[in-house]
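Engineer: There's a structure below that I have some questions on.
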Amino acid sequence: MVIPASNLSVLFDFIFNPWALFSVWAVGINTILLYLILSKGIQVSANRWFTLVLLSLIVWGVFETLDRSSATPIASDFWSLAGMFGWIFVPPVFLSFTLSYIGKEQILSRLSTQVTLFGPSLLLLFLGLTTDLINNRNIQQIQRTFYGWEAPSAPYFWVALGWIDLLLVASLVLLIRHWAKSNDKISRRQTALFISAVLIPVVGGSITNGLLPIFGVQVYQAAVLLTSIMSLIIAYAILKYKLFVINPATVATNIVNTMNEIMIVFNLNYIIEFANKAAKNVLGYDEERLVGQHIKKIISGDWESLRGGVLKPLSSGQTISGVDLELVSTSDKKIPVTFSASPLKDQNGNMYGVVSVAADISKIRDLFADITAERNKLTTTIESIVDGVLALDFEGRVITINSPALKMLDFGAKDIVGKDIDQVMKIFDKNGKRIFFKDLVSRRRLEKDTVVFRREDLKIITQHNKTIYVNLVSSAIKEGLEVGLGAIITMNDISGEKELEEMKIDFVSMAAHELRTPLTSIRGYLSVLQEELAKSLSSEQQSFLDKAFISSSQLAALVENLLSVSRIERGAMKIEASPQDWQVVLQETITSFLPLAQEKGIKLTLNCPEKLSPVSVDKFRIGEVLSNLVGNALNYTDKGGVVEITARTDKKEHVVLTSVRDTGQGIPESALPRLFTKFFRVSGVLEQGSKGTGLGLYISRAIVDMHGGKIWVESELGKGSTFFFTVPTTQTTKPLKSVPGAFKPKRIFIKKNNKLVASV
Ligand code: ADP
C-alpha cells in the first residue's frame, strides 16, 4: 500500500486509548532493562544478545502503541506493519541469546546457524511487507475493537506464528536440558527462573496474538505485555544473580569441559559422580559411562596402598597435589598422570566428596625419555672419542668433561667440574703467550654453530704442574646463550708426538754437531791438498780433489742447515736487531755474489729507486735470507738471465719490502704451497743440476718471521720467480720474536782458485 504524501498526516492521527498504555508500559520496562544491561557492561556475549532481544521488543512495543492509538484503519495498518520489524526478530535473537547462555556460542559463530535463524525471519518480513500472505492488508476488513484496530488473520499468518513458536520452543528445550544437566544449585535456580520467564510469552502470547485470532476469537493481544513480563523476570535474575554480567556457573562449566586435564568428582564411597569431557576422551569412555563407576576401575596399581597412601589424607581434609599415578583406559592402556585432589565440603564444613584433577603426562614422559636417550647417546659418544672434550659455561666454569680429557690432564672429575678453567690450567701458545677463557668464547649471538678458536701446538700446565701439548678447538653452538653453554673444547693430545719430535731434533742436532768437527778437518785437509799438490797432480786427479772438496762442502752446508733447523724448532734461535742501512746490506750481498753471477753469465743488479728507511734487523741472519734467495735465483737461472734485487719503503706499514727477481726456470704452481716447508725441493727435471738441501727457504721464512716480517713468492714456470720479504723499519712497534741461542750464517761459498764457483 502506498500512501499519498497528502495523506501522510493520516498516519499521525492518534486518539487516546487506555489499552495502549500496556504497550507503553512494555516499552518503558524494556528501555529501563536495556539501560540496566548496558550500564552493567556487555562483556559477555549473552548480554549482547539480550540487548538485541530488548531492542526488538522496544521496536515492537513502540509501533504497537502507535497502532493501538491510531485514529484510522489506514494508520493502524501502517503501524502494525512497522511493528513486524520488532516481533519477527524476537525469536531468532532470543534463541541466539539462549545458545550463548548455555555456552554453545561456537554454534552461533557459524554462518549456517545465522542463516538458519535469521533467514526465514527476513523472508517472512519481506513477504509481510510486500504481500497479503502474512499480514491482512485489506483496510475494509480492519475493525475497531475495544483495545485498538484488528483485522482477521492473513491466510499464511500461521506460518509466521509456527516459525516463531518453533524457535521459542527450541529455546525452552535447550534451557530445560541445561537445567537438568546442571549440578550447581545457583545455576539451576537461575535457569529455572529463566524457563518460567520464557514460558509466559511463549504460551500466553501465542494464544492471544496467534491461535485465537486465527480462529477468529477476539481477545486483548497481550504478546508484547507478556514478553515484557519475561524481560522483567530476567531483569530480576540479573539483579539477584548477576546472571549475565558474569555467570560463574557457566564460566566454570565451560572451563571444566574445555580443559585438557581430567577432572573427576567422586563421593566418599569412591563412586564417580562427575567426569569432564577430557576424562572421557583420554580414558576412552562414552558419554556418562564413567559416572557411577568405582574410582579404582580407572586407577592402576595396588588399590589398598593407593587408598591408604593417597586418598586417605583427603578424608581428613588434606589436599594432595602432584602425585604420580597411572590411570587405566577402556582399552587397558596405562596413562601416566600427575594427580591432585581436594575435599569438597558443604556449608557446615562436612566433607561430601572429592574433586580431583589429573594431567596426562604421557607426552612429557615420552619427551623426557627421548631427552634422556639423547643425553645418554651424547655422553656415550663423548666418552668414546679419544680426544679430550670439555664443556664450559659463560663464566668459564667446567660443566662436563670426558674421561680422555681427565686422563690427559691428570684430574679427577671433582677437581675440575664446576671450577674456573683459568684457575685449574694455564694454556700457552707457541710463543709463550697465555690464552685465557675469554679467547675461547664468543659472547655474540651466533647465527650458526661456529668454531671460535682453533690453534695447534698449545702448551697446557695444569694446577698440579702437569705439562701437556695439545691441538685445541673451541666451538660454540647457536643456542649457547639460551642454555648457558659457552664453549665446547676438544683437545688432541700431541705430547707424545711432541716428545718424539724433540727427540728427533735432539738427535739431528747431536748428529750434526758430531759431524761438524770431522767435516771441518776434512775440508781443511782437502783445501791444503788442493793448494800444495796443485802443480804435481794431473788434471783428472785435480778434478777428483775438487769434487771431494765440493761434496764435503755440500755436506758441511747440510750440517749447518740441520743445526739451524734444530735451533729454530727448539726455539733457541735469537735475533739481535740493530738499526741498519738496508741499501748497504743489499749492496754487500750483491758484491759477494757478483763473481758467481759473472761466472754463470747472469746479470745481477740492485734497483733502489728511492732512499730507504733504516731497518731494524739482525744483520747476520737477514744476510742469510738474502744469500739464500740470491743464491737460489742464480742457481735456478740459466746463462744470459737476469737477477734483480729491488727494495722500497712501505711507510704505512713501517716495513721495507725487498724482492729478488730472476728470469730462471720458475716454480710450478703445485709446488708453491709447500715451498717454505722443511726439506722441500721441487721434484723432477727441474731439480737436476742443483744441489740444494731443501732447507734454505724454511730457514729464511723462520728468520723473516722472527723479524715480524712476511715472505712469499710469485712465480711462473719457464719465466722466472720473484721472492718478496719484508723487514721492519726502525719505527716499527712490532716486537721481535726471538729466543736466545747462537746462529751462524749457513751458506757456504765454494771457491776455486780464489774464485767463488758455487754456493750451497
Ligand atoms: P735448496 O737448498 O734446495 O735451494 P731451498 O729451500 O732454498 O732449498 O729451496 C727449495 C726448492 O725451491 C729448491 O730445491 C728449488 O726447487 C725451489 N726454488 C727455490 N728458489 C727458486 C728459484 N729462484 N727458482 C726456481 N726454483 C727455486
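Naming scheme: A, B, ... for chains in displayed order of the C-alpha cells; residues 1 onward per chain; ligands 1 onward as shown.
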Taking only C-alpha atoms and all ligand atoms into account, which residues are within 8 Å of ligand 1, as a ChimeraX atom specification?
Structural biologist: /A:628-637,661-662,664-667,675-683,686-687,690-699,715,720-723,760
Engineer: Deliver the residues from the most recent selection as a file, using N, CA and C atoms, as a CSV table (one decimal), in the first residue's frame.
Structural biologist:
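Result went into again-v9.csv, see below:
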```
chain,number,residue,atom,x,y,z
A,628,ASN,N,120.4,-16.8,0.7
A,628,ASN,CA,119.5,-17.9,0.2
A,628,ASN,C,118.8,-17.5,-1.0
A,629,LEU,N,118.1,-16.4,-1.0
A,629,LEU,CA,117.3,-16.0,-2.1
A,629,LEU,C,118.1,-15.7,-3.4
A,630,VAL,N,119.2,-14.9,-3.2
A,630,VAL,CA,120.0,-14.6,-4.4
A,630,VAL,C,120.7,-15.9,-4.9
A,631,GLY,N,121.2,-16.7,-3.9
A,631,GLY,CA,121.9,-17.9,-4.3
A,631,GLY,C,120.9,-18.8,-5.1
A,632,ASN,N,119.7,-19.0,-4.6
A,632,ASN,CA,118.7,-19.8,-5.4
A,632,ASN,C,118.4,-19.2,-6.7
A,633,ALA,N,118.3,-17.9,-6.8
A,633,ALA,CA,118.0,-17.2,-8.1
A,633,ALA,C,119.1,-17.5,-9.1
A,634,LEU,N,120.3,-17.4,-8.6
A,634,LEU,CA,121.5,-17.7,-9.5
A,634,LEU,C,121.5,-19.2,-9.9
A,635,ASN,N,121.2,-20.0,-8.9
A,635,ASN,CA,121.2,-21.5,-9.1
A,635,ASN,C,120.2,-21.9,-10.2
A,636,TYR,N,119.0,-21.3,-10.1
A,636,TYR,CA,117.9,-21.8,-10.9
A,636,TYR,C,117.7,-20.9,-12.2
A,637,THR,N,118.7,-20.1,-12.5
A,637,THR,CA,118.6,-19.3,-13.7
A,637,THR,C,119.8,-19.7,-14.7
A,661,ARG,N,114.2,-11.0,-7.9
A,661,ARG,CA,113.5,-11.5,-9.2
A,661,ARG,C,114.6,-12.1,-10.1
A,662,ASP,N,114.1,-13.3,-10.6
A,662,ASP,CA,115.0,-13.9,-11.6
A,662,ASP,C,114.3,-14.3,-12.8
A,664,GLY,N,114.7,-17.1,-14.3
A,664,GLY,CA,115.1,-18.6,-14.5
A,664,GLY,C,113.9,-19.5,-14.8
A,665,GLN,N,114.0,-20.7,-14.3
A,665,GLN,CA,113.1,-21.7,-14.8
A,665,GLN,C,111.7,-21.6,-14.1
A,666,GLY,N,111.6,-20.9,-13.0
A,666,GLY,CA,110.3,-20.7,-12.4
A,666,GLY,C,110.0,-21.9,-11.5
A,667,ILE,N,108.9,-21.8,-10.8
A,667,ILE,CA,108.4,-22.9,-9.9
A,667,ILE,C,107.0,-23.3,-10.3
A,675,LEU,N,106.6,-24.7,-0.6
A,675,LEU,CA,107.9,-24.3,-0.9
A,675,LEU,C,108.7,-23.9,0.4
A,676,PHE,N,108.0,-23.4,1.4
A,676,PHE,CA,108.8,-22.9,2.6
A,676,PHE,C,108.8,-23.9,3.7
A,677,THR,N,108.4,-25.2,3.3
A,677,THR,CA,108.5,-26.2,4.4
A,677,THR,C,109.8,-27.0,4.3
A,678,LYS,N,110.1,-27.7,5.4
A,678,LYS,CA,111.3,-28.4,5.6
A,678,LYS,C,111.6,-29.4,4.5
A,679,PHE,N,112.8,-29.5,4.0
A,679,PHE,CA,113.3,-30.4,3.1
A,679,PHE,C,112.5,-30.5,1.8
A,680,PHE,N,111.8,-29.4,1.5
A,680,PHE,CA,111.0,-29.5,0.2
A,680,PHE,C,111.9,-29.0,-0.9
A,681,ARG,N,111.9,-29.8,-2.0
A,681,ARG,CA,112.6,-29.4,-3.2
A,681,ARG,C,111.6,-29.7,-4.3
A,682,VAL,N,111.6,-28.9,-5.3
A,682,VAL,CA,110.8,-29.1,-6.5
A,682,VAL,C,111.3,-30.3,-7.2
A,683,SER,N,110.5,-31.3,-7.3
A,683,SER,CA,111.0,-32.6,-7.9
A,683,SER,C,111.1,-32.6,-9.4
A,686,LEU,N,113.4,-30.3,-13.0
A,686,LEU,CA,113.9,-29.0,-12.5
A,686,LEU,C,115.0,-29.1,-11.5
A,687,GLU,N,115.0,-30.3,-10.8
A,687,GLU,CA,115.9,-30.4,-9.7
A,687,GLU,C,117.3,-30.7,-10.2
A,690,SER,N,120.9,-28.8,-9.6
A,690,SER,CA,121.0,-28.0,-8.4
A,690,SER,C,121.2,-29.0,-7.2
A,691,LYS,N,122.0,-28.6,-6.3
A,691,LYS,CA,122.3,-29.5,-5.2
A,691,LYS,C,122.0,-28.9,-3.9
A,692,GLY,N,120.8,-28.5,-3.7
A,692,GLY,CA,120.4,-27.8,-2.5
A,692,GLY,C,120.0,-28.8,-1.4
A,693,THR,N,119.6,-28.3,-0.3
A,693,THR,CA,119.2,-29.2,0.8
A,693,THR,C,117.7,-29.1,1.1
A,694,GLY,N,117.0,-28.2,0.5
A,694,GLY,CA,115.6,-28.1,0.7
A,694,GLY,C,115.3,-27.4,2.1
A,695,LEU,N,116.3,-26.8,2.7
A,695,LEU,CA,116.1,-26.2,4.0
A,695,LEU,C,116.2,-24.7,3.9
A,696,GLY,N,116.8,-24.1,2.9
A,696,GLY,CA,117.1,-22.7,2.8
A,696,GLY,C,115.9,-21.8,3.0
A,697,LEU,N,114.8,-22.1,2.2
A,697,LEU,CA,113.6,-21.3,2.3
A,697,LEU,C,112.9,-21.5,3.7
A,698,TYR,N,113.0,-22.7,4.2
A,698,TYR,CA,112.4,-22.9,5.5
A,698,TYR,C,113.1,-22.1,6.6
A,699,ILE,N,114.4,-22.0,6.5
A,699,ILE,CA,115.2,-21.2,7.5
A,699,ILE,C,114.9,-19.7,7.2
A,715,SER,N,105.6,-16.8,-9.0
A,715,SER,CA,106.5,-17.5,-10.0
A,715,SER,C,105.7,-18.0,-11.2
A,720,GLY,N,110.4,-17.4,-14.7
A,720,GLY,CA,111.1,-16.9,-13.6
A,720,GLY,C,110.3,-16.7,-12.3
A,721,SER,N,111.0,-16.4,-11.2
A,721,SER,CA,110.3,-16.3,-9.9
A,721,SER,C,110.7,-15.0,-9.3
A,722,THR,N,109.8,-14.5,-8.4
A,722,THR,CA,110.2,-13.3,-7.6
A,722,THR,C,109.8,-13.6,-6.2
A,723,PHE,N,110.8,-13.6,-5.3
A,723,PHE,CA,110.6,-13.8,-3.9
A,723,PHE,C,110.5,-12.4,-3.2
A,760,VAL,N,126.3,-23.2,-1.5
A,760,VAL,CA,125.3,-24.2,-1.1
A,760,VAL,C,124.7,-23.8,0.2
```
Engineer: Give me the residues within 9 Å of Ser495 in chain A as a list in words, counting only C-alpha atoms and dropping any in the same chain fewer than 3 places off.
Structural biologist: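 Final neighbour list, sorted by chain and number: Lys459, Thr467, Ile468, Tyr469, Val470, Lys498, Glu499 and Leu500 of chain A.
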Engineer: Output the selection as a PDB file, in the first residue's frame - C-alpha atoms for each residue.
Structural biologist:
```
ATOM      1  CA  LYS A 459     101.075 -25.956  25.967  1.00  0.00           C
ATOM      2  CA  THR A 467     102.528 -30.211  31.190  1.00  0.00           C
ATOM      3  CA  ILE A 468     100.872 -31.433  28.035  1.00  0.00           C
ATOM      4  CA  TYR A 469     100.847 -30.254  24.429  1.00  0.00           C
ATOM      5  CA  VAL A 470      97.578 -30.126  22.551  1.00  0.00           C
ATOM      6  CA  LYS A 498     105.969 -33.504  20.554  1.00  0.00           C
ATOM      7  CA  GLU A 499     108.312 -35.680  22.595  1.00  0.00           C
ATOM      8  CA  LEU A 500     109.193 -37.702  19.539  1.00  0.00           C
TER       9      LEU A 500
END
```
Engineer: Nearest residue to Thr589 in chain A out of A:Glu569, A:Asp457, A:Glu383, A:Glu644, using only C-alpha atoms?
Structural biologist: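 Closest residue, counting only C-alpha atoms: A:Glu644.
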Engineer: As an MDAnalysis selection string, please: all residues of range 452-658 of chain A that backbone DSSP puts in strand (DSSP E).
Structural biologist: chainID A and resid 452:462 467:476 487:493 578:580 603:607 615:617 642:650 655:658
Engineer: Between CA of Leu172 in chain A and CA of Ser96 in chain A, what is the distance in Å, rounded to a tenth?
Structural biologist: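 Interatomic distance, CA of Leu172 in chain A to CA of Ser96 in chain A: 12.1 Å.
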Engineer: Can you tell me which residues surround Pro336 in chain A at a distance of at most 7 Å, considering only C-alpha atoms, apart from same-chain residues fewer than 4 positions away, and format the answer as a PyMOL selection string?
Structural biologist: chain A and resi 325-327+360-362
Engineer: Which residues, written as number ranges by chain, have at least one atom at most 9 Å from Gly205 in chain A, with only C-alpha atoms counted and residues fewer than 2 positions away on the same chain left out?
Structural biologist: A: 200-203, 207-210, 221-227
Engineer: Using N, CA and C atoms, can you write the selected residues to a file as an mmCIF file, in the first residue's frame?
Structural biologist:
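Written out: again_35.cif:
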```
data_model
loop_
_atom_site.group_PDB
_atom_site.id
_atom_site.type_symbol
_atom_site.label_atom_id
_atom_site.label_comp_id
_atom_site.auth_asym_id
_atom_site.auth_seq_id
_atom_site.Cartn_x
_atom_site.Cartn_y
_atom_site.Cartn_z
ATOM 1 N N ILE A 200 6.063 -17.680 29.793
ATOM 2 C CA ILE A 200 4.936 -16.732 29.814
ATOM 3 C C ILE A 200 4.598 -16.233 28.407
ATOM 4 N N PRO A 201 5.543 -15.614 27.662
ATOM 5 C CA PRO A 201 5.154 -15.165 26.324
ATOM 6 C C PRO A 201 4.935 -16.310 25.341
ATOM 7 N N VAL A 202 5.696 -17.400 25.515
ATOM 8 C CA VAL A 202 5.555 -18.499 24.549
ATOM 9 C C VAL A 202 4.120 -19.010 24.587
ATOM 10 N N VAL A 203 3.647 -19.261 25.799
ATOM 11 C CA VAL A 203 2.288 -19.805 25.894
ATOM 12 C C VAL A 203 1.267 -18.687 25.679
ATOM 13 N N ILE A 207 -1.082 -17.686 22.245
ATOM 14 C CA ILE A 207 -2.549 -17.868 22.271
ATOM 15 C C ILE A 207 -3.248 -16.562 21.881
ATOM 16 N N THR A 208 -2.875 -15.465 22.573
ATOM 17 C CA THR A 208 -3.635 -14.227 22.350
ATOM 18 C C THR A 208 -3.348 -13.610 20.985
ATOM 19 N N ASN A 209 -2.069 -13.657 20.545
ATOM 20 C CA ASN A 209 -1.737 -12.985 19.280
ATOM 21 C C ASN A 209 -1.792 -13.918 18.079
ATOM 22 N N GLY A 210 -1.835 -15.238 18.376
ATOM 23 C CA GLY A 210 -1.741 -16.165 17.261
ATOM 24 C C GLY A 210 -2.963 -17.041 17.111
ATOM 25 N N GLN A 221 -4.708 -8.654 22.663
ATOM 26 C CA GLN A 221 -3.463 -9.308 22.195
ATOM 27 C C GLN A 221 -2.317 -8.879 23.109
ATOM 28 N N ALA A 222 -1.910 -9.821 23.982
ATOM 29 C CA ALA A 222 -1.043 -9.441 25.113
ATOM 30 C C ALA A 222 0.426 -9.790 24.918
ATOM 31 N N ALA A 223 0.828 -10.198 23.677
ATOM 32 C CA ALA A 223 2.200 -10.710 23.497
ATOM 33 C C ALA A 223 3.284 -9.745 23.964
ATOM 34 N N VAL A 224 3.165 -8.480 23.561
ATOM 35 C CA VAL A 224 4.209 -7.522 23.968
ATOM 36 C C VAL A 224 4.255 -7.404 25.483
ATOM 37 N N LEU A 225 3.075 -7.336 26.050
ATOM 38 C CA LEU A 225 2.982 -7.190 27.502
ATOM 39 C C LEU A 225 3.619 -8.395 28.207
ATOM 40 N N LEU A 226 3.223 -9.601 27.702
ATOM 41 C CA LEU A 226 3.733 -10.819 28.333
ATOM 42 C C LEU A 226 5.249 -10.957 28.135
ATOM 43 N N THR A 227 5.709 -10.591 26.950
ATOM 44 C CA THR A 227 7.151 -10.672 26.682
ATOM 45 C C THR A 227 7.900 -9.708 27.603
#
```
Engineer: Quick one: which range 46-100 of chain A residues come within 8 Å of range 112-130 of chain A, and what is the nearest atom pair for each with the distance in Å to one decimal, counting only C-alpha atoms, rows ordered by chain and ascending number, as JSON lines?
Structural biologist:
```
{"residue": "A:Leu81", "atom": "CA", "partner": "A:Leu129", "partner_atom": "CA", "distance": 6.9}
{"residue": "A:Met84", "atom": "CA", "partner": "A:Leu125", "partner_atom": "CA", "distance": 6.9}
{"residue": "A:Phe85", "atom": "CA", "partner": "A:Leu125", "partner_atom": "CA", "distance": 7.2}
{"residue": "A:Ile88", "atom": "CA", "partner": "A:Ser121", "partner_atom": "CA", "distance": 5.8}
{"residue": "A:Phe89", "atom": "CA", "partner": "A:Ser121", "partner_atom": "CA", "distance": 6.5}
{"residue": "A:Pro92", "atom": "CA", "partner": "A:Leu117", "partner_atom": "CA", "distance": 5.3}
```
Engineer: For the selection just defined, write its residues with N, CA and C atoms to a file, as a PDB file, in the first residue's frame.
Structural biologist:
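Final file, part_9.pdb:
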```pdb
ATOM      1  N   LEU A  81       2.178  -2.944  10.537  1.00  0.00           N
ATOM      2  CA  LEU A  81       3.189  -3.461   9.602  1.00  0.00           C
ATOM      3  C   LEU A  81       4.600  -3.118  10.098  1.00  0.00           C
ATOM      4  N   MET A  84       6.163  -5.277  12.699  1.00  0.00           N
ATOM      5  CA  MET A  84       6.761  -6.555  12.292  1.00  0.00           C
ATOM      6  C   MET A  84       8.292  -6.516  12.389  1.00  0.00           C
ATOM      7  N   PHE A  85       8.867  -5.318  12.193  1.00  0.00           N
ATOM      8  CA  PHE A  85      10.341  -5.166  12.319  1.00  0.00           C
ATOM      9  C   PHE A  85      10.813  -5.563  13.714  1.00  0.00           C
ATOM     10  N   ILE A  88       9.202 -10.004  14.494  1.00  0.00           N
ATOM     11  CA  ILE A  88       9.723 -11.114  13.682  1.00  0.00           C
ATOM     12  C   ILE A  88      11.154 -11.494  14.106  1.00  0.00           C
ATOM     13  N   PHE A  89      11.842 -10.539  14.750  1.00  0.00           N
ATOM     14  CA  PHE A  89      13.239 -10.829  15.153  1.00  0.00           C
ATOM     15  C   PHE A  89      13.380 -11.304  16.597  1.00  0.00           C
ATOM     16  N   PRO A  92      14.471 -15.368  16.766  1.00  0.00           N
ATOM     17  CA  PRO A  92      15.863 -15.752  16.452  1.00  0.00           C
ATOM     18  C   PRO A  92      16.875 -15.121  17.400  1.00  0.00           C
TER      19      PRO A  92
END
```
Engineer: May I ask for the distance between CA of Phe437 in chain A and CA of Ile568 in chain A, given in Å to one decimal place?
Structural biologist: 29.4 Å
Engineer: Rank A:Gly432, A:Leu596, A:Asn402, A:Trp49 by their smallest atom-to-atom distance to Thr380 in chain A, using only C-alpha atoms, and report the top residue only.
Structural biologist: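 For Thr380 in chain A, the nearest of the candidates is A:Asn402.
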Engineer: Set the distance at 8 Å and use only C-alpha atoms: which residues neighbour range 471-475 of chain A once local chain neighbours fewer than 6 positions away are removed? I'd like the list as a compact mmCIF listing (two decimals) with all heavy atoms, in the first residue's frame.
Structural biologist:
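Generated file (part13.txt):
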```txt
# COMPACT_ATOMS: atom_id res chain seq x y z
N LEU A 440 88.52 -18.05 24.18
CA LEU A 440 87.93 -19.30 23.67
C LEU A 440 86.43 -19.19 23.45
O LEU A 440 85.81 -20.10 22.93
CB LEU A 440 88.18 -20.45 24.66
CG LEU A 440 89.62 -20.69 25.08
CD1 LEU A 440 89.67 -21.77 26.13
CD2 LEU A 440 90.46 -21.08 23.88
N VAL A 441 85.84 -18.07 23.91
CA VAL A 441 84.39 -17.99 23.92
C VAL A 441 83.90 -16.83 23.07
O VAL A 441 84.61 -15.83 22.91
CB VAL A 441 83.90 -17.86 25.38
CG1 VAL A 441 84.24 -16.54 25.98
CG2 VAL A 441 82.42 -18.12 25.50
N ASP A 449 76.28 -22.75 14.47
CA ASP A 449 77.34 -23.32 15.30
C ASP A 449 78.68 -22.91 14.68
O ASP A 449 78.85 -22.99 13.48
CB ASP A 449 77.23 -24.84 15.33
CG ASP A 449 75.88 -25.28 15.90
OD1 ASP A 449 75.17 -24.39 16.42
OD2 ASP A 449 75.55 -26.46 15.81
N THR A 450 79.60 -22.46 15.53
CA THR A 450 80.81 -21.83 14.99
C THR A 450 82.05 -22.30 15.75
O THR A 450 81.99 -22.52 16.96
CB THR A 450 80.72 -20.29 15.19
OG1 THR A 450 79.46 -19.87 14.74
CG2 THR A 450 81.80 -19.54 14.46
N VAL A 451 83.15 -22.42 15.00
CA VAL A 451 84.44 -22.65 15.66
C VAL A 451 84.99 -21.28 16.06
O VAL A 451 85.18 -20.41 15.22
CB VAL A 451 85.42 -23.37 14.72
CG1 VAL A 451 86.82 -23.40 15.32
CG2 VAL A 451 84.94 -24.78 14.45
N VAL A 452 85.17 -21.06 17.34
CA VAL A 452 85.58 -19.74 17.82
C VAL A 452 87.10 -19.63 17.85
O VAL A 452 87.68 -18.57 17.61
CB VAL A 452 85.01 -19.51 19.25
CG1 VAL A 452 85.38 -18.13 19.77
CG2 VAL A 452 83.51 -19.68 19.26
N PHE A 453 87.75 -20.75 18.13
CA PHE A 453 89.20 -20.71 18.33
C PHE A 453 89.78 -22.04 17.87
O PHE A 453 89.22 -23.09 18.17
CB PHE A 453 89.44 -20.50 19.83
CG PHE A 453 90.88 -20.47 20.26
CD1 PHE A 453 91.54 -19.27 20.41
CD2 PHE A 453 91.57 -21.65 20.53
CE1 PHE A 453 92.87 -19.23 20.83
CE2 PHE A 453 92.89 -21.62 20.93
CZ PHE A 453 93.53 -20.41 21.09
N ARG A 454 90.83 -21.97 17.10
CA ARG A 454 91.48 -23.22 16.67
C ARG A 454 92.97 -22.95 16.64
O ARG A 454 93.43 -22.03 15.97
CB ARG A 454 90.98 -23.59 15.28
CG ARG A 454 91.57 -24.90 14.74
CD ARG A 454 91.33 -24.97 13.25
NE ARG A 454 89.91 -25.10 12.94
CZ ARG A 454 89.27 -26.25 12.85
NH1 ARG A 454 89.92 -27.38 13.03
NH2 ARG A 454 88.00 -26.30 12.56
N ARG A 455 93.74 -23.67 17.41
CA ARG A 455 95.18 -23.41 17.45
C ARG A 455 95.91 -24.73 17.66
O ARG A 455 95.43 -25.62 18.38
CB ARG A 455 95.45 -22.45 18.62
CG ARG A 455 96.65 -21.57 18.53
CD ARG A 455 96.56 -20.47 17.49
NE ARG A 455 95.84 -19.28 17.92
CZ ARG A 455 96.30 -18.39 18.79
NH1 ARG A 455 97.48 -18.53 19.34
NH2 ARG A 455 95.58 -17.33 19.08
N GLU A 456 97.06 -24.84 17.03
CA GLU A 456 97.84 -26.07 17.18
C GLU A 456 98.99 -25.82 18.13
O GLU A 456 99.39 -24.68 18.35
CB GLU A 456 98.37 -26.51 15.82
CG GLU A 456 97.23 -26.81 14.89
CD GLU A 456 97.62 -27.64 13.71
OE1 GLU A 456 98.80 -27.66 13.37
OE2 GLU A 456 96.71 -28.27 13.13
N ASP A 457 99.48 -26.90 18.65
CA ASP A 457 100.70 -26.86 19.44
C ASP A 457 100.60 -25.89 20.63
O ASP A 457 101.41 -24.98 20.77
CB ASP A 457 101.87 -26.45 18.51
CG ASP A 457 103.19 -26.95 19.04
OD1 ASP A 457 103.20 -27.54 20.13
OD2 ASP A 457 104.21 -26.71 18.36
N LEU A 458 99.58 -26.07 21.45
CA LEU A 458 99.46 -25.25 22.66
C LEU A 458 100.01 -26.04 23.84
O LEU A 458 99.96 -27.27 23.86
CB LEU A 458 98.00 -24.91 22.93
CG LEU A 458 97.27 -24.09 21.87
CD1 LEU A 458 95.86 -23.80 22.31
CD2 LEU A 458 98.01 -22.78 21.63
N ALA A 487 81.27 -22.72 25.67
CA ALA A 487 82.23 -23.27 24.71
C ALA A 487 82.34 -24.78 24.88
O ALA A 487 82.21 -25.30 25.99
CB ALA A 487 83.60 -22.64 24.94
N ILE A 488 82.54 -25.44 23.75
CA ILE A 488 82.84 -26.88 23.80
C ILE A 488 84.27 -27.01 23.30
O ILE A 488 84.58 -26.59 22.18
CB ILE A 488 81.89 -27.69 22.88
CG1 ILE A 488 80.45 -27.43 23.32
CG2 ILE A 488 82.23 -29.16 22.94
CD1 ILE A 488 79.46 -27.80 22.25
N ILE A 489 85.11 -27.52 24.16
CA ILE A 489 86.54 -27.56 23.82
C ILE A 489 86.97 -28.99 23.55
O ILE A 489 86.67 -29.89 24.34
CB ILE A 489 87.35 -26.95 24.98
CG1 ILE A 489 87.03 -25.46 25.03
CG2 ILE A 489 88.82 -27.21 24.81
CD1 ILE A 489 87.66 -24.76 26.15
N THR A 490 87.61 -29.19 22.40
CA THR A 490 88.18 -30.51 22.15
C THR A 490 89.70 -30.36 22.10
O THR A 490 90.21 -29.39 21.52
CB THR A 490 87.69 -31.11 20.82
OG1 THR A 490 87.80 -30.12 19.83
CG2 THR A 490 86.28 -31.59 20.88
N MET A 491 90.35 -31.30 22.73
CA MET A 491 91.81 -31.23 22.81
C MET A 491 92.40 -32.53 22.29
O MET A 491 91.98 -33.60 22.70
CB MET A 491 92.25 -31.04 24.25
CG MET A 491 91.76 -29.76 24.87
SD MET A 491 92.37 -29.55 26.55
CE MET A 491 91.84 -31.02 27.34
N ASN A 492 93.33 -32.37 21.38
CA ASN A 492 94.01 -33.53 20.84
C ASN A 492 95.42 -33.52 21.45
O ASN A 492 96.19 -32.61 21.21
CB ASN A 492 94.00 -33.39 19.32
CG ASN A 492 94.82 -34.44 18.65
OD1 ASN A 492 95.55 -34.17 17.73
ND2 ASN A 492 94.70 -35.65 19.13
N ASP A 493 95.70 -34.54 22.25
CA ASP A 493 96.98 -34.58 22.97
C ASP A 493 98.11 -34.90 22.00
O ASP A 493 98.13 -35.96 21.39
CB ASP A 493 96.89 -35.66 24.05
CG ASP A 493 98.08 -35.59 24.99
OD1 ASP A 493 99.03 -34.85 24.69
OD2 ASP A 493 98.06 -36.28 26.02
N ILE A 494 99.01 -33.95 21.84
CA ILE A 494 100.14 -34.20 20.93
C ILE A 494 101.45 -34.29 21.70
O ILE A 494 102.53 -34.17 21.13
CB ILE A 494 100.22 -33.10 19.83
CG1 ILE A 494 100.24 -31.70 20.46
CG2 ILE A 494 99.10 -33.21 18.84
CD1 ILE A 494 100.81 -30.65 19.54
```
